[in-house]
Amino acid sequence: MRSVQFTTETTSNGVVERDFTVGDVPGLLWSPASGADRAPLVLMGHGGGTHKRWPAMTGRAHLLVNACGFHVACIDAPGHGDRPRTAHDEQEIAALFEAREAGEPEGPIVVRYNAHLAKRAVPEWQATLDALQGLLEIGAEGPVGYFGLNMGTAIGVPFVAAEPRITAAVFGLHWPDALAGPAKRITVPIEFMLQWDDEHIPRAAGLALFDAFASKEKTLHANSGRHKELPRFEADSAVRFFARHFGRAVTSPA
């Protein structure tokens with residue numbers, strides 16, 4: 001099993017941020033600066049075209065650490081952040097921009113490309129989880145959550161479907177085409193986010209993906225607005241969701 005190799009460490013606002021690698025996959029781990037005892041781990045998947053240090057990732061991580069004392073980790077998806085793009089990545093990205101400029105639907109390209117990325121990323125996430133659970137401050141016995149929207153859902157649904165160590169997950173903002181199958185194998189509690197006026201993902205498509213999950217406890221959060229107008233308070237809701245399922249108190253407003 002590959003171990004975590006830490007490369008840099010900084011502290012701000014009560015949160016320790018440590019860059020790491022597992023093999024050749026770069027990631028970032030946020031932890032309480034207080035050096036608290038073992039705490040649950042939340043894995044975060046970033047959206048398409050972004051990376052582990054994207055402001056939304058940092059903001060959500062700080063909420064989870066400061067409100068509940070969780071550890072939070074994010075890795076760069078294939079072809080994103082500090083990782084090189086393959087010729088296939090470049091081809092799919094070019095096709096996406098061509099469709100966008102022509103005013104054509106982006107969904108078919110995004111679904112196809114994200115499914116390709118998921119096949120590459122799921123084994124990387126499993127190796128990262130193996131390595132992180134080898135750390136004394138995390139361990140292998142505690143609960144693990146997953147939080148990912150957009151491409152983070154495209155990668156996260158097959159990952160959670162294949163990974164019994166995940167005990168709760170937050171998903172949303174994606175098409176059901178490649179995900180309905182693995183969603184039917186997911187039974188852990190989930191919170192699902194949907195934009196009612198999404199210009200890319202038809203309302204019926206978002207509802208179909210929510211319906212596909214086999215979880216006995218699943219909650220739909222539908223907000224008015226377009227694809228990129230997800231309210232920021234949904235991040236606070238995700239914090240409360242993980243706190244509830246991991247048996248942790250929310251010690252600061254979230």
# chains A, B, ... in the order shown; residues from 1 in each chain; ligands from 1
$ closest_atom_pairs --of "region 30-98 of chain A" --to "region 158-163 of chain A" --cutoff "12 Å" --atoms "only C-alpha atoms" --output "Markdown table"
| residue | atom | partner | partner_atom | distance |
| --- | --- | --- | --- | --- |
| A:Leu43 | CA | A:Val160 | CA | 10.7 |
| A:Met44 | CA | A:Phe159 | CA | 11.7 |
| A:Gly45 | CA | A:Phe159 | CA | 10.5 |
$ write_last_selection --atoms "N, CA and C atoms" --output "mmCIF file, in the first residue's frame"
data_model
loop_
_atom_site.group_PDB
_atom_site.id
_atom_site.type_symbol
_atom_site.label_atom_id
_atom_site.label_comp_id
_atom_site.auth_asym_id
_atom_site.auth_seq_id
_atom_site.Cartn_x
_atom_site.Cartn_y
_atom_site.Cartn_z
ATOM 1 N N LEU A 43 -14.089 13.089 2.290
ATOM 2 C CA LEU A 43 -13.401 13.201 1.010
ATOM 3 C C LEU A 43 -14.221 14.108 0.107
ATOM 4 N N MET A 44 -13.578 15.054 -0.550
ATOM 5 C CA MET A 44 -14.273 16.000 -1.422
ATOM 6 C C MET A 44 -13.809 15.851 -2.860
ATOM 7 N N GLY A 45 -14.771 15.758 -3.773
ATOM 8 C CA GLY A 45 -14.465 15.741 -5.193
ATOM 9 C C GLY A 45 -14.764 17.106 -5.796
#
$ residues_around --residues "Trp125 (chain A)" --least-positions-apart "4" --cutoff "10 Å" --atoms "only C-alpha atoms" --output "list of chain:residue names"
A:Val22, A:Val25, A:Leu43, A:Gly45, A:Cys74, A:Ile75, A:Ala77, A:Ala118, A:Arg120, A:Ala121, A:Leu129, A:Asp130, A:Ala131, A:Ile155, A:Gly156, A:Phe159, A:Val160, A:Glu163
$ residues_around --residues "region 229-242 of chain A" --least-positions-apart "6" --cutoff "8 Å" --atoms "only C-alpha atoms" --output "list in words"
Arg60, Leu63, Leu64, Ala67, Cys68, Gly145, Ala168, Val170, Glu191, Gln195, Asn223, Val250 and Ala254 of chain A
$ residues_around --residues "Pro189 (chain A)" --least-positions-apart "2" --cutoff "8 Å" --atoms "only C-alpha atoms" --output "VMD selection string"
chain A and resid 167 to 169 187 191 215 to 218
$ write_last_selection --atoms "N, CA and C atoms" --output "PDB file, in the first residue's frame"
ATOM      1  N   THR A 167     -19.726   6.038   4.504  1.00  0.00           N
ATOM      2  CA  THR A 167     -20.935   5.836   5.299  1.00  0.00           C
ATOM      3  C   THR A 167     -21.991   6.920   5.111  1.00  0.00           C
ATOM      4  N   ALA A 168     -21.692   7.991   4.403  1.00  0.00           N
ATOM      5  CA  ALA A 168     -22.661   9.045   4.095  1.00  0.00           C
ATOM      6  C   ALA A 168     -22.085   9.879   2.956  1.00  0.00           C
ATOM      7  N   ALA A 169     -22.960  10.430   2.109  1.00  0.00           N
ATOM      8  CA  ALA A 169     -22.457  11.165   0.944  1.00  0.00           C
ATOM      9  C   ALA A 169     -23.393  12.295   0.547  1.00  0.00           C
ATOM     10  N   THR A 187     -26.563   2.535  -0.749  1.00  0.00           N
ATOM     11  CA  THR A 187     -27.597   2.441   0.283  1.00  0.00           C
ATOM     12  C   THR A 187     -27.314   3.341   1.489  1.00  0.00           C
ATOM     13  N   GLU A 191     -27.486  13.192   0.758  1.00  0.00           N
ATOM     14  CA  GLU A 191     -28.145  14.476   0.539  1.00  0.00           C
ATOM     15  C   GLU A 191     -27.858  14.842  -0.904  1.00  0.00           C
ATOM     16  N   SER A 215     -30.759   4.270  -1.319  1.00  0.00           N
ATOM     17  CA  SER A 215     -30.687   4.652   0.085  1.00  0.00           C
ATOM     18  C   SER A 215     -32.080   4.790   0.695  1.00  0.00           C
ATOM     19  N   LYS A 216     -32.259   4.223   1.890  1.00  0.00           N
ATOM     20  CA  LYS A 216     -33.519   4.401   2.605  1.00  0.00           C
ATOM     21  C   LYS A 216     -33.641   5.829   3.115  1.00  0.00           C
ATOM     22  N   GLU A 217     -32.513   6.447   3.425  1.00  0.00           N
ATOM     23  CA  GLU A 217     -32.514   7.844   3.833  1.00  0.00           C
ATOM     24  C   GLU A 217     -31.838   8.669   2.751  1.00  0.00           C
ATOM     25  N   LYS A 218     -32.619   9.420   2.036  1.00  0.00           N
ATOM     26  CA  LYS A 218     -32.070  10.326   1.027  1.00  0.00           C
ATOM     27  C   LYS A 218     -32.927  11.577   1.012  1.00  0.00           C
TER      28      LYS A 218
END
$ residues_around --residues "Pro176 (chain A)" --least-positions-apart "4" --cutoff "9 Å" --atoms "only C-alpha atoms" --output "number ranges by chain"
A: 111, 180-181, 183, 205-210, 212
$ write_last_selection --atoms "N, CA and C atoms" --output "PDB file, in the first residue's frame"
ATOM      1  N   VAL A 111     -21.099  14.157 -19.962  1.00  0.00           N
ATOM      2  CA  VAL A 111     -21.401  12.814 -19.450  1.00  0.00           C
ATOM      3  C   VAL A 111     -20.363  11.811 -19.925  1.00  0.00           C
ATOM      4  N   ALA A 180     -26.971   6.229 -13.025  1.00  0.00           N
ATOM      5  CA  ALA A 180     -28.141   5.557 -12.445  1.00  0.00           C
ATOM      6  C   ALA A 180     -27.809   4.131 -12.022  1.00  0.00           C
ATOM      7  N   GLY A 181     -27.001   3.436 -12.817  1.00  0.00           N
ATOM      8  CA  GLY A 181     -26.634   2.059 -12.472  1.00  0.00           C
ATOM      9  C   GLY A 181     -25.901   1.970 -11.142  1.00  0.00           C
ATOM     10  N   ALA A 183     -25.724   4.211  -8.850  1.00  0.00           N
ATOM     11  CA  ALA A 183     -26.552   4.804  -7.796  1.00  0.00           C
ATOM     12  C   ALA A 183     -27.473   3.765  -7.173  1.00  0.00           C
ATOM     13  N   ALA A 205     -34.087  15.043 -15.425  1.00  0.00           N
ATOM     14  CA  ALA A 205     -32.860  14.256 -15.369  1.00  0.00           C
ATOM     15  C   ALA A 205     -32.286  14.260 -13.957  1.00  0.00           C
ATOM     16  N   GLY A 206     -32.260  15.434 -13.319  1.00  0.00           N
ATOM     17  CA  GLY A 206     -31.779  15.501 -11.950  1.00  0.00           C
ATOM     18  C   GLY A 206     -32.622  14.675 -11.005  1.00  0.00           C
ATOM     19  N   LEU A 207     -33.948  14.745 -11.170  1.00  0.00           N
ATOM     20  CA  LEU A 207     -34.843  13.962 -10.325  1.00  0.00           C
ATOM     21  C   LEU A 207     -34.671  12.465 -10.563  1.00  0.00           C
ATOM     22  N   ALA A 208     -34.382  12.088 -11.811  1.00  0.00           N
ATOM     23  CA  ALA A 208     -34.175  10.666 -12.119  1.00  0.00           C
ATOM     24  C   ALA A 208     -32.946  10.125 -11.414  1.00  0.00           C
ATOM     25  N   LEU A 209     -31.887  10.934 -11.333  1.00  0.00           N
ATOM     26  CA  LEU A 209     -30.693  10.471 -10.632  1.00  0.00           C
ATOM     27  C   LEU A 209     -30.976  10.344  -9.141  1.00  0.00           C
ATOM     28  N   PHE A 210     -31.660  11.317  -8.561  1.00  0.00           N
ATOM     29  CA  PHE A 210     -32.020  11.222  -7.147  1.00  0.00           C
ATOM     30  C   PHE A 210     -32.849   9.963  -6.889  1.00  0.00           C
ATOM     31  N   ALA A 212     -32.802   7.216  -8.413  1.00  0.00           N
ATOM     32  CA  ALA A 212     -32.065   5.959  -8.632  1.00  0.00           C
ATOM     33  C   ALA A 212     -31.362   5.451  -7.384  1.00  0.00           C
TER      34      ALA A 212
END
$ select_by_dssp --residues "region 79-239 of chain A" --states "alpha helix (DSSP H)" --output "PyMOL selection string"
chain A and resi 87-101+107-132+151-162+180-183+203-212+233-239
$ atom_distance --atom1 "CA of Glu92 (chain A)" --atom2 "CA of His80 (chain A)"
13.1 Å
$ residues_around --residues "Asp76 (chain A)" --least-positions-apart "5" --cutoff "12 Å" --atoms "only C-alpha atoms" --output "compact mmCIF listing (two decimals) with N, CA and C atoms, in the first residue's frame"
# COMPACT_ATOMS: atom_id res chain seq x y z
N ASP A 19 -0.28 19.78 1.81
CA ASP A 19 -0.22 19.18 0.49
C ASP A 19 0.41 17.81 0.61
N PHE A 20 -0.11 16.86 -0.19
CA PHE A 20 0.44 15.52 -0.13
C PHE A 20 0.38 14.87 -1.51
N THR A 21 1.06 13.76 -1.63
CA THR A 21 0.94 12.91 -2.81
C THR A 21 0.74 11.48 -2.34
N VAL A 22 -0.02 10.73 -3.11
CA VAL A 22 -0.12 9.28 -2.96
C VAL A 22 0.24 8.72 -4.32
N ASP A 24 1.59 9.24 -7.71
CA ASP A 24 1.76 10.47 -8.48
C ASP A 24 0.50 11.33 -8.46
N VAL A 25 -0.41 11.05 -7.51
CA VAL A 25 -1.65 11.82 -7.41
C VAL A 25 -1.51 12.87 -6.31
N PRO A 26 -1.62 14.16 -6.65
CA PRO A 26 -1.49 15.22 -5.64
C PRO A 26 -2.82 15.48 -4.94
N GLY A 27 -2.73 15.81 -3.65
CA GLY A 27 -3.93 16.09 -2.88
C GLY A 27 -3.67 17.11 -1.81
N LEU A 28 -4.71 17.44 -1.08
CA LEU A 28 -4.63 18.41 0.00
C LEU A 28 -5.47 17.89 1.16
N LEU A 29 -4.88 17.95 2.37
CA LEU A 29 -5.56 17.51 3.58
C LEU A 29 -5.70 18.68 4.53
N LEU A 43 -14.09 13.09 2.29
CA LEU A 43 -13.40 13.20 1.01
C LEU A 43 -14.22 14.11 0.11
N MET A 44 -13.58 15.05 -0.55
CA MET A 44 -14.27 16.00 -1.42
C MET A 44 -13.81 15.85 -2.86
N GLY A 45 -14.77 15.76 -3.77
CA GLY A 45 -14.47 15.74 -5.19
C GLY A 45 -14.76 17.11 -5.80
N HIS A 46 -13.82 17.66 -6.54
CA HIS A 46 -14.02 18.99 -7.13
C HIS A 46 -14.77 18.89 -8.46
N GLY A 47 -15.22 20.04 -8.94
CA GLY A 47 -15.96 20.09 -10.19
C GLY A 47 -15.06 20.10 -11.42
N GLY A 48 -15.68 19.94 -12.57
CA GLY A 48 -14.93 19.94 -13.82
C GLY A 48 -14.26 21.27 -14.09
N GLY A 49 -13.02 21.24 -14.56
CA GLY A 49 -12.28 22.46 -14.88
C GLY A 49 -11.71 23.15 -13.67
N THR A 50 -11.86 22.57 -12.46
CA THR A 50 -11.31 23.19 -11.26
C THR A 50 -10.24 22.27 -10.68
N HIS A 51 -9.98 22.39 -9.38
CA HIS A 51 -8.90 21.62 -8.78
C HIS A 51 -9.06 21.62 -7.26
N LYS A 52 -8.12 20.98 -6.58
CA LYS A 52 -8.22 20.79 -5.13
C LYS A 52 -8.18 22.09 -4.34
N ARG A 53 -7.56 23.12 -4.87
CA ARG A 53 -7.46 24.40 -4.16
C ARG A 53 -8.50 25.42 -4.66
N TRP A 54 -9.47 24.99 -5.42
CA TRP A 54 -10.51 25.89 -5.89
C TRP A 54 -11.20 26.52 -4.68
N MET A 57 -13.70 24.51 -2.78
CA MET A 57 -13.15 23.39 -2.02
C MET A 57 -12.57 23.87 -0.69
N GLY A 81 -5.94 20.41 -12.25
CA GLY A 81 -5.01 20.91 -11.24
C GLY A 81 -3.56 20.72 -11.64
N ASP A 82 -2.82 20.04 -10.77
CA ASP A 82 -1.39 19.83 -11.01
C ASP A 82 -1.09 18.58 -11.84
N ARG A 83 -2.11 18.00 -12.44
CA ARG A 83 -1.91 16.77 -13.21
C ARG A 83 -1.92 17.06 -14.71
N PRO A 84 -1.07 16.40 -15.47
CA PRO A 84 -1.02 16.65 -16.91
C PRO A 84 -2.26 16.11 -17.62
N ARG A 85 -2.58 16.72 -18.75
CA ARG A 85 -3.67 16.25 -19.58
C ARG A 85 -3.16 15.26 -20.62
N LEU A 117 -13.30 9.88 -16.97
CA LEU A 117 -12.49 10.31 -15.83
C LEU A 117 -12.77 9.45 -14.60
N ARG A 120 -10.79 6.32 -14.32
CA ARG A 120 -9.41 6.56 -13.91
C ARG A 120 -9.32 6.98 -12.45
N ALA A 121 -10.32 7.73 -11.99
CA ALA A 121 -10.23 8.35 -10.66
C ALA A 121 -10.65 7.44 -9.52
N GLU A 124 -7.86 5.69 -7.87
CA GLU A 124 -7.00 6.68 -7.20
C GLU A 124 -7.60 7.09 -5.86
N TRP A 125 -8.92 7.27 -5.83
CA TRP A 125 -9.57 7.61 -4.57
C TRP A 125 -9.45 6.47 -3.56
N THR A 128 -6.01 6.55 -2.20
CA THR A 128 -5.86 7.70 -1.30
C THR A 128 -6.50 7.41 0.05
N MET A 151 -18.82 17.31 -11.57
CA MET A 151 -17.91 16.20 -11.84
C MET A 151 -17.58 15.41 -10.58
N GLY A 152 -17.64 16.10 -9.42
CA GLY A 152 -17.43 15.41 -8.16
C GLY A 152 -18.48 14.34 -7.92
N ILE A 155 -17.70 11.29 -10.49
CA ILE A 155 -16.66 10.41 -9.96
C ILE A 155 -17.11 9.77 -8.65
$ residues_around --residues "Pro143 (chain A)" --least-positions-apart "4" --cutoff "9 Å" --atoms "only C-alpha atoms" --output "number ranges by chain"
A: 39-42, 165-168, 245-246
$ closest_residue --among "A:Gly35, A:Pro123, A:Pro202, A:Gly225" --to "Gly23 (chain A)" --atoms "only C-alpha atoms"
A:Pro123
$ closest_residue --among "A:Ala222, A:Ala140, A:Ile186, A:Leu135" --to "Gln5 (chain A)" --atoms "only C-alpha atoms"
A:Leu135
$ select_by_dssp --residues "region 20-78 of chain A" --states "strand (DSSP E or B)" --output "ChimeraX atom specification"
/A:20-22,25-32,41-45,71-75
$ write_last_selection --atoms "N, CA and C atoms" --output "mmCIF file, in the first residue's frame"
data_model
loop_
_atom_site.group_PDB
_atom_site.id
_atom_site.type_symbol
_atom_site.label_atom_id
_atom_site.label_comp_id
_atom_site.auth_asym_id
_atom_site.auth_seq_id
_atom_site.Cartn_x
_atom_site.Cartn_y
_atom_site.Cartn_z
ATOM 1 N N PHE A 20 -0.108 16.863 -0.188
ATOM 2 C CA PHE A 20 0.441 15.516 -0.130
ATOM 3 C C PHE A 20 0.383 14.868 -1.509
ATOM 4 N N THR A 21 1.062 13.761 -1.631
ATOM 5 C CA THR A 21 0.936 12.905 -2.806
ATOM 6 C C THR A 21 0.735 11.476 -2.335
ATOM 7 N N VAL A 22 -0.021 10.730 -3.111
ATOM 8 C CA VAL A 22 -0.122 9.277 -2.961
ATOM 9 C C VAL A 22 0.240 8.722 -4.321
ATOM 10 N N VAL A 25 -0.412 11.051 -7.510
ATOM 11 C CA VAL A 25 -1.654 11.819 -7.410
ATOM 12 C C VAL A 25 -1.508 12.873 -6.313
ATOM 13 N N PRO A 26 -1.624 14.164 -6.653
ATOM 14 C CA PRO A 26 -1.494 15.221 -5.643
ATOM 15 C C PRO A 26 -2.817 15.482 -4.937
ATOM 16 N N GLY A 27 -2.734 15.809 -3.652
ATOM 17 C CA GLY A 27 -3.929 16.088 -2.882
ATOM 18 C C GLY A 27 -3.665 17.107 -1.808
ATOM 19 N N LEU A 28 -4.715 17.436 -1.077
ATOM 20 C CA LEU A 28 -4.634 18.412 -0.003
ATOM 21 C C LEU A 28 -5.465 17.894 1.163
ATOM 22 N N LEU A 29 -4.878 17.950 2.369
ATOM 23 C CA LEU A 29 -5.558 17.508 3.584
ATOM 24 C C LEU A 29 -5.705 18.680 4.534
ATOM 25 N N TRP A 30 -6.947 18.957 4.940
ATOM 26 C CA TRP A 30 -7.238 19.999 5.925
ATOM 27 C C TRP A 30 -7.551 19.318 7.259
ATOM 28 N N SER A 31 -6.970 19.816 8.350
ATOM 29 C CA SER A 31 -7.167 19.216 9.668
ATOM 30 C C SER A 31 -7.256 20.305 10.724
ATOM 31 N N PRO A 32 -7.835 19.983 11.897
ATOM 32 C CA PRO A 32 -7.887 20.978 12.969
ATOM 33 C C PRO A 32 -6.491 21.345 13.454
ATOM 34 N N LEU A 41 -13.353 11.475 8.596
ATOM 35 C CA LEU A 41 -12.735 11.983 7.374
ATOM 36 C C LEU A 41 -13.817 12.216 6.334
ATOM 37 N N VAL A 42 -13.786 13.384 5.692
ATOM 38 C CA VAL A 42 -14.670 13.676 4.565
ATOM 39 C C VAL A 42 -13.810 13.859 3.327
ATOM 40 N N LEU A 43 -14.089 13.089 2.290
ATOM 41 C CA LEU A 43 -13.401 13.201 1.010
ATOM 42 C C LEU A 43 -14.221 14.108 0.107
ATOM 43 N N MET A 44 -13.578 15.054 -0.550
ATOM 44 C CA MET A 44 -14.273 16.000 -1.422
ATOM 45 C C MET A 44 -13.809 15.851 -2.860
ATOM 46 N N GLY A 45 -14.771 15.758 -3.773
ATOM 47 C CA GLY A 45 -14.465 15.741 -5.193
ATOM 48 C C GLY A 45 -14.764 17.106 -5.796
ATOM 49 N N HIS A 71 -11.422 15.855 9.509
ATOM 50 C CA HIS A 71 -10.354 15.924 8.522
ATOM 51 C C HIS A 71 -11.029 15.923 7.148
ATOM 52 N N VAL A 72 -10.483 16.683 6.207
ATOM 53 C CA VAL A 72 -11.066 16.786 4.874
ATOM 54 C C VAL A 72 -9.947 16.648 3.845
ATOM 55 N N ALA A 73 -10.194 15.851 2.817
ATOM 56 C CA ALA A 73 -9.167 15.641 1.794
ATOM 57 C C ALA A 73 -9.761 15.782 0.401
ATOM 58 N N CYS A 74 -8.965 16.336 -0.506
ATOM 59 C CA CYS A 74 -9.349 16.454 -1.911
ATOM 60 C C CYS A 74 -8.129 16.139 -2.764
ATOM 61 N N ILE A 75 -8.326 15.378 -3.835
ATOM 62 C CA ILE A 75 -7.244 15.119 -4.782
ATOM 63 C C ILE A 75 -7.611 15.714 -6.135
#
$ atom_distance --atom1 "CA of Arg185 (chain A)" --atom2 "CA of Asp211 (chain A)"
12.3 Å
